[in-house]
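Here the structure comes first, spelled out in structure tokens, and everything after it is commentary.
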Amino acid sequence: MSYNLLKGKRGIIFGALDENSIAWKTAERAHEEGATFVLTNAPVALRMGTINTLAEKTNSEVIPADATKVEDLENLIEKSQEILGGKIDFVLHSIGMSINVRKGKHYTDQNYDWTHKGLDVSAMSFHKLMQTLHKKEAMNEWGSIVALTYMAAQRVFPDYNDMADNKAYLESIARSFGYFFGKDKKVRVNTISQSPTPTSAGQGVKGFTGFMNYAEKMSPLGNATALECADYTLTLFSDLTKKVTLQNLFHDGGFSNMGVSQEIMESMKD
Ligand SMILES: NC(=O)c1ccc[n+]([C@@H]2O[C@H](COP(=O)([O-])OP(=O)(O)OC[C@H]3O[C@@H](n4cnc5c(N)ncnc54)[C@H](O)[C@@H]3O)[C@@H](O)[C@H]2O)c1
């Protein structure tokens with residue numbers, strides 16, 4: 001169903017890799033809600049070519065940008081404003097990557113070059129993105145910036161590895177930069193802390209299926225899907241949430257406030 005929630009709004013959406021990506025679903029829903037936007041991803045991800053299907057479907061252009069490179073972000077933000085015909089109303093940062101996770105390196109035995117790269121891609125890129133938007137005065141007043149995160153920033157999930165630390169840093173950047181963006185430009189900045197979701201990044205985490213099943217059994221409403229995450233994200237881009245900022249918002253079917261559920265207790269019986 002469409003509510004015209006984003007009618008006339010212009011955006012930039014990072015991170016649509018394939019049709020499972022949370023960013024992919026967000027782009028589809030944003031299009032249905034009347035937004036126009038530019039899609040972007042790292043040049044290496046664009047080589048897969050699938051994003052062109054999404055671009056056609058949503059009538060949008062694709063601009064390559066490695067989110068760790070400020071010059072790429074500058075180019076993206078300049079071109080996006082030209083293409084869209086004005087300043088930006090919403091930005092989705094849906095980017096995450098850990099080489100330690102990918103290569104199965106244990107948290108207690110990290111390769112620090114990989115740790116550094118993962119931190120740059122998954123967290124510092126958010127600062128670089130906002131600093132570039134801020135310097136270029138590219139955001140409209142009452143615009144909205146959202147990044148996606150996971151609860152391992154607050155609680156221990158051993159196999160989430162160094163991504164837990166990256167997410168803690170990401171969430172802190174949202175608060176710290178959100179203060180300045182709010183004061184200077186009336187722009188809000190939030191993170192959405194999403195349930196485990198079967199995407200390319202999600203499935204890279206060791207034991208992901210067990211992890212998902214556990215969360216499903218713990219959450220009174222069950223895990224939130226990628227499409228449901230897209231819907232929630234759109235509310236934050238809409239004018240209905242203008243005073244929500246500096247928040248880490250759990251979108252997880254209630255998981256984050258659970259102690260234990262009956263299903264988990266049942267499975268523990270001797
Ligand atoms: N899947 C889950 O279980 C889950 C749960 C909570 C939060 N998240 C977060 O949601 C976000 C989106 O992930 P997803 O699950 O949709 O997976 P995904 O693999 O579809 O998306 C991750 C994206 O990051 C992009 N990316 C990697 N390096 C980049 C770079 N240098 N520059 C620009 N883009 C780059 C990838 O190309 C990809 O499109 C991530 O921040 C992830 O941590 C995912």
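The chains in the structure tokens are called A, B, ... from first to last as shown; in each chain the residues are counted from 1, and the ligands are counted from 1 in the order shown.
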
task: Return as a ChimeraX atom specification every polymer residue, whether protein, DNA or RNA, with at least one atom no more than 7 Å from an atom of ligand 1; count only C-alpha atoms and all ligand atoms.
output: /A:14-18,20-23,41-42,45,65-68,94-97,121-122,147-150,193-203

Go ahead and save the residues from that selection, with N, CA and C atoms, as a short mmCIF file (atom, residue, chain, number, x, y, z; two decimals), in the first residue's frame.
```
data_model
loop_
_atom_site.label_atom_id
_atom_site.label_comp_id
_atom_site.auth_asym_id
_atom_site.auth_seq_id
_atom_site.Cartn_x
_atom_site.Cartn_y
_atom_site.Cartn_z
N PHE A 14 22.32 4.32 -0.25
CA PHE A 14 23.55 3.50 -0.33
C PHE A 14 23.21 2.04 -0.03
N GLY A 15 23.89 1.11 -0.73
CA GLY A 15 23.95 -0.27 -0.23
C GLY A 15 23.01 -1.29 -0.83
N ALA A 16 22.34 -0.98 -1.96
CA ALA A 16 21.50 -2.01 -2.60
C ALA A 16 22.39 -2.92 -3.43
N LEU A 17 22.66 -4.10 -2.92
CA LEU A 17 23.55 -5.05 -3.61
C LEU A 17 22.74 -6.01 -4.47
N ASP A 18 21.72 -6.60 -3.89
CA ASP A 18 20.82 -7.50 -4.61
C ASP A 18 19.43 -7.38 -4.00
N ASN A 20 17.79 -8.95 -1.98
CA ASN A 20 17.63 -9.22 -0.54
C ASN A 20 18.06 -8.05 0.33
N SER A 21 18.86 -7.15 -0.23
CA SER A 21 19.40 -6.03 0.56
C SER A 21 18.29 -5.18 1.16
N ILE A 22 18.55 -4.73 2.38
CA ILE A 22 17.57 -3.84 3.03
C ILE A 22 17.44 -2.55 2.21
N ALA A 23 18.55 -2.08 1.65
CA ALA A 23 18.52 -0.85 0.84
C ALA A 23 17.69 -1.04 -0.44
N ASN A 41 26.58 2.61 -4.84
CA ASN A 41 27.27 1.50 -4.18
C ASN A 41 28.75 1.58 -4.58
N ALA A 42 29.56 0.76 -3.93
CA ALA A 42 30.99 0.73 -4.26
C ALA A 42 31.16 0.21 -5.69
N ALA A 45 30.93 -3.47 -6.20
CA ALA A 45 29.58 -4.05 -6.06
C ALA A 45 28.75 -3.78 -7.31
N ALA A 65 30.19 5.07 -5.81
CA ALA A 65 30.97 5.77 -4.78
C ALA A 65 31.44 4.76 -3.75
N ASP A 66 32.74 4.75 -3.52
CA ASP A 66 33.28 4.00 -2.40
C ASP A 66 33.09 4.91 -1.18
N ALA A 67 32.29 4.46 -0.24
CA ALA A 67 31.90 5.33 0.89
C ALA A 67 33.07 5.68 1.81
N THR A 68 34.23 5.06 1.60
CA THR A 68 35.40 5.42 2.41
C THR A 68 36.20 6.54 1.76
N SER A 94 23.39 2.19 4.30
CA SER A 94 23.09 0.77 4.53
C SER A 94 24.31 -0.03 4.10
N ILE A 95 25.39 0.16 4.86
CA ILE A 95 26.71 -0.32 4.47
C ILE A 95 27.35 -1.06 5.65
N GLY A 96 27.85 -2.24 5.39
CA GLY A 96 28.59 -2.94 6.44
C GLY A 96 29.50 -3.99 5.84
N MET A 97 30.69 -4.16 6.43
CA MET A 97 31.63 -5.15 5.92
C MET A 97 32.75 -5.36 6.93
N VAL A 121 34.89 1.20 6.45
CA VAL A 121 33.72 0.94 5.60
C VAL A 121 32.42 1.03 6.41
N SER A 122 32.40 0.39 7.58
CA SER A 122 31.13 0.19 8.29
C SER A 122 30.74 1.38 9.17
N ALA A 147 21.14 5.43 9.40
CA ALA A 147 22.09 4.33 9.16
C ALA A 147 21.55 3.08 9.84
N LEU A 148 21.92 1.94 9.29
CA LEU A 148 21.44 0.67 9.86
C LEU A 148 22.49 0.05 10.77
N THR A 149 22.01 -0.52 11.89
CA THR A 149 22.92 -1.06 12.87
C THR A 149 22.37 -2.35 13.46
N TYR A 150 23.14 -2.92 14.41
CA TYR A 150 22.70 -4.17 15.04
C TYR A 150 23.00 -4.12 16.54
N SER A 193 18.18 -0.23 14.55
CA SER A 193 18.83 -1.47 14.96
C SER A 193 17.91 -2.63 14.58
N GLN A 194 18.29 -3.31 13.52
CA GLN A 194 17.42 -4.25 12.82
C GLN A 194 17.65 -5.69 13.29
N SER A 195 16.60 -6.51 13.24
CA SER A 195 16.70 -7.96 13.50
C SER A 195 17.69 -8.60 12.54
N PRO A 196 18.23 -9.80 12.88
CA PRO A 196 18.99 -10.54 11.88
C PRO A 196 18.13 -10.77 10.63
N THR A 197 18.72 -10.52 9.47
CA THR A 197 17.97 -10.53 8.21
C THR A 197 18.79 -11.28 7.16
N PRO A 198 18.19 -12.22 6.44
CA PRO A 198 18.97 -13.02 5.49
C PRO A 198 19.38 -12.25 4.23
N THR A 199 20.44 -11.46 4.35
CA THR A 199 21.01 -10.72 3.22
C THR A 199 22.44 -11.22 3.03
N SER A 200 23.12 -10.66 2.05
CA SER A 200 24.50 -11.04 1.80
C SER A 200 25.37 -10.75 3.03
N ALA A 201 25.24 -9.53 3.60
CA ALA A 201 26.04 -9.17 4.79
C ALA A 201 25.63 -10.03 5.98
N GLY A 202 24.32 -10.21 6.18
CA GLY A 202 23.83 -10.98 7.33
C GLY A 202 24.33 -12.41 7.30
N GLN A 203 24.22 -13.04 6.14
CA GLN A 203 24.58 -14.45 6.04
C GLN A 203 26.08 -14.71 6.15
#
```

message: Which residues are near Asn161 (chain A)? Cut-off 9 Å, only C-alpha atoms, ignore same chain within fewer than 4 positions. Put them as a ChimeraX atom specification.
response: /A:98,100-101,105-108,157,165,205

task: List every residue of region 132-181 of chain A that DSSP, applied to the backbone, labels as strand (DSSP E or B), and write the result as number ranges by chain.
output: A: 139-149

Export of prior selection with N, CA and C atoms as a PDB file, in the first residue's frame:
```pdb
ATOM      1  N   MET A 139      21.901  19.245   2.410  1.00  0.00           N
ATOM      2  CA  MET A 139      20.629  18.743   2.959  1.00  0.00           C
ATOM      3  C   MET A 139      19.604  19.873   3.073  1.00  0.00           C
ATOM      4  N   ASN A 140      18.350  19.561   2.760  1.00  0.00           N
ATOM      5  CA  ASN A 140      17.261  20.489   3.026  1.00  0.00           C
ATOM      6  C   ASN A 140      16.958  20.526   4.517  1.00  0.00           C
ATOM      7  N   GLU A 141      16.430  21.629   5.000  1.00  0.00           N
ATOM      8  CA  GLU A 141      15.953  21.691   6.390  1.00  0.00           C
ATOM      9  C   GLU A 141      14.894  20.620   6.597  1.00  0.00           C
ATOM     10  N   TRP A 142      14.896  20.030   7.782  1.00  0.00           N
ATOM     11  CA  TRP A 142      13.982  18.932   8.150  1.00  0.00           C
ATOM     12  C   TRP A 142      14.226  17.679   7.331  1.00  0.00           C
ATOM     13  N   GLY A 143      15.434  17.598   6.788  1.00  0.00           N
ATOM     14  CA  GLY A 143      15.845  16.348   6.140  1.00  0.00           C
ATOM     15  C   GLY A 143      16.148  15.280   7.182  1.00  0.00           C
ATOM     16  N   SER A 144      16.391  14.058   6.690  1.00  0.00           N
ATOM     17  CA  SER A 144      16.567  12.927   7.608  1.00  0.00           C
ATOM     18  C   SER A 144      17.651  11.978   7.099  1.00  0.00           C
ATOM     19  N   ILE A 145      18.555  11.603   8.009  1.00  0.00           N
ATOM     20  CA  ILE A 145      19.644  10.684   7.659  1.00  0.00           C
ATOM     21  C   ILE A 145      19.536   9.460   8.568  1.00  0.00           C
ATOM     22  N   VAL A 146      19.576   8.271   7.954  1.00  0.00           N
ATOM     23  CA  VAL A 146      19.435   7.024   8.718  1.00  0.00           C
ATOM     24  C   VAL A 146      20.578   6.077   8.365  1.00  0.00           C
ATOM     25  N   ALA A 147      21.139   5.429   9.395  1.00  0.00           N
ATOM     26  CA  ALA A 147      22.090   4.333   9.162  1.00  0.00           C
ATOM     27  C   ALA A 147      21.548   3.081   9.836  1.00  0.00           C
ATOM     28  N   LEU A 148      21.920   1.936   9.295  1.00  0.00           N
ATOM     29  CA  LEU A 148      21.440   0.670   9.856  1.00  0.00           C
ATOM     30  C   LEU A 148      22.491   0.050  10.769  1.00  0.00           C
ATOM     31  N   THR A 149      22.012  -0.518  11.885  1.00  0.00           N
ATOM     32  CA  THR A 149      22.921  -1.059  12.873  1.00  0.00           C
ATOM     33  C   THR A 149      22.371  -2.346  13.460  1.00  0.00           C
TER      34      THR A 149
END
```

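Here the question is which of A:His93, A:Ile51, A:Leu246, A:Asp159 gets nearest to Phe211 (chain A) using only C-alpha atoms, and that residue is A:Asp159.
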
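With only C-alpha atoms as the basis for measurement, A:Leu234 is the residue among A:Leu234, A:Val91, A:Leu133, A:Ile13 that approaches Ala30 (chain A) most closely.
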
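Minimum distance to Gly11 (chain A) across A:Gly259, A:Gly86, A:Pro43, A:Gly222 (counting only C-alpha atoms) occurs at A:Gly86.
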
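Those residues that approach Ser172 (chain A) to within 10 Å, counting only C-alpha atoms, are A:Ala123, A:Ala153, A:Asn166, A:Lys167, A:Phe177, A:Gly178, A:Thr191, A:Leu246, A:Gln247, A:Asn248; same-chain residues fewer than 5 positions away are not listed.
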
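Ranking A:Thr245, A:Thr26, A:Asn75, A:Gln131 by their shortest atom-to-atom distance to Ala230 (chain A), with only C-alpha atoms included, puts A:Thr26 first.
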
task: Return the single residue from A:Cys229, A:Glu263, A:Lys186, A:Val244 that is closest to Asn213 (chain A), with distances computed using only C-alpha atoms.
output: A:Glu263

task: Run DSSP on the backbone and give me the residues of region 64-149 of chain A it puts in helix (DSSP H, G or I), as a ChimeraX atom specification.
output: /A:70-84,99-102,107-109,112-135

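The neighbours of His134 (chain A) here are the residues that come within 10 Å of it, using only C-alpha atoms and leaving out any residue fewer than 2 positions away in the same chain; they are Lys128, Leu129, Met130, Gln131, Thr132, Lys136, Glu137, Ala138, Met139, Phe177, Phe180, Phe181, Asp184, Lys185 and Val187 of chain A.
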
- prompt: Of the residues A:Glu266, A:Glu61, A:Asp252, A:Glu56, which is the one nearest to Tyr232 (chain A), using only C-alpha atoms?
  reply: A:Asp252

Which residues of region 201-240 of chain A sit at most 12 Å from region 1-8 of chain A, using only C-alpha atoms? Give each one's shortest atom pair and distance in Å (one decimal place), in chain and ascending residue order, as JSON lines.
```
{"residue": "A:Asp231", "atom": "CA", "partner": "A:Ser2", "partner_atom": "CA", "distance": 10.5}
{"residue": "A:Tyr232", "atom": "CA", "partner": "A:Leu5", "partner_atom": "CA", "distance": 11.8}
{"residue": "A:Thr233", "atom": "CA", "partner": "A:Leu6", "partner_atom": "CA", "distance": 11.4}
{"residue": "A:Leu234", "atom": "CA", "partner": "A:Leu5", "partner_atom": "CA", "distance": 7.7}
{"residue": "A:Thr235", "atom": "CA", "partner": "A:Leu5", "partner_atom": "CA", "distance": 7.7}
{"residue": "A:Leu236", "atom": "CA", "partner": "A:Leu5", "partner_atom": "CA", "distance": 10.2}
{"residue": "A:Phe237", "atom": "CA", "partner": "A:Leu6", "partner_atom": "CA", "distance": 7.3}
{"residue": "A:Ser238", "atom": "CA", "partner": "A:Leu5", "partner_atom": "CA", "distance": 5.8}
{"residue": "A:Asp239", "atom": "CA", "partner": "A:Leu5", "partner_atom": "CA", "distance": 7.8}
{"residue": "A:Leu240", "atom": "CA", "partner": "A:Leu5", "partner_atom": "CA", "distance": 8.6}
```

Please dump the current selection as a compact mmCIF listing (two decimals), in the first residue's frame; keep C-alpha atoms.
```txt
# COMPACT_ATOMS: atom_id res chain seq x y z
CA ASP A 231 8.78 0.57 5.84
CA TYR A 232 10.12 1.74 9.20
CA THR A 233 12.94 3.64 7.50
CA LEU A 234 10.43 5.48 5.31
CA THR A 235 8.59 6.76 8.37
CA LEU A 236 11.86 8.35 9.49
CA PHE A 237 12.27 9.97 6.07
CA SER A 238 8.71 11.28 6.16
CA ASP A 239 7.45 14.51 7.76
CA LEU A 240 5.68 12.47 10.44
```

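One finds CA of Phe126 (chain A) at 16.9 Å from CA of Asp162 (chain A).
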
task: Find the residues around Thr58 (chain A) up to 8 Å (only C-alpha atoms counted), leave out those fewer than 2 positions away in its own chain, and share them as number ranges by chain.
output: A: 27-28, 31, 54-56, 60

Same residues, C-alpha atoms, saved as a short mmCIF file (atom, residue, chain, number, x, y, z; two decimals), in the first residue's frame:
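Output contents, as saved in selection_37.cif:
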```cif
data_model
loop_
_atom_site.label_atom_id
_atom_site.label_comp_id
_atom_site.auth_asym_id
_atom_site.auth_seq_id
_atom_site.Cartn_x
_atom_site.Cartn_y
_atom_site.Cartn_z
CA ALA A 27 14.44 1.96 -2.67
CA GLU A 28 11.41 0.04 -3.96
CA HIS A 31 9.68 4.87 -5.08
CA LEU A 54 16.47 -1.68 -9.48
CA ALA A 55 17.41 1.59 -11.18
CA GLU A 56 15.08 0.85 -14.08
CA SER A 60 16.67 6.30 -10.80
#
```

I want to know what sits within 7 Å of Ile63 (chain A), based on only C-alpha atoms, with residues of the same chain fewer than 3 positions away left out; could you give that as a PDB file with N, CA and C atoms, in the first residue's frame?
```pdb
ATOM      1  N   LEU A  39      20.745   6.011  -6.608  1.00  0.00           N
ATOM      2  CA  LEU A  39      21.266   4.795  -5.982  1.00  0.00           C
ATOM      3  C   LEU A  39      22.780   4.825  -6.071  1.00  0.00           C
ATOM      4  N   THR A  40      23.437   4.346  -5.011  1.00  0.00           N
ATOM      5  CA  THR A  40      24.894   4.288  -5.068  1.00  0.00           C
ATOM      6  C   THR A  40      25.418   3.050  -4.361  1.00  0.00           C
ATOM      7  N   LEU A  76      29.465  12.254  -5.691  1.00  0.00           N
ATOM      8  CA  LEU A  76      28.106  11.695  -5.563  1.00  0.00           C
ATOM      9  C   LEU A  76      27.104  12.773  -5.144  1.00  0.00           C
TER      10      LEU A  76
END
```
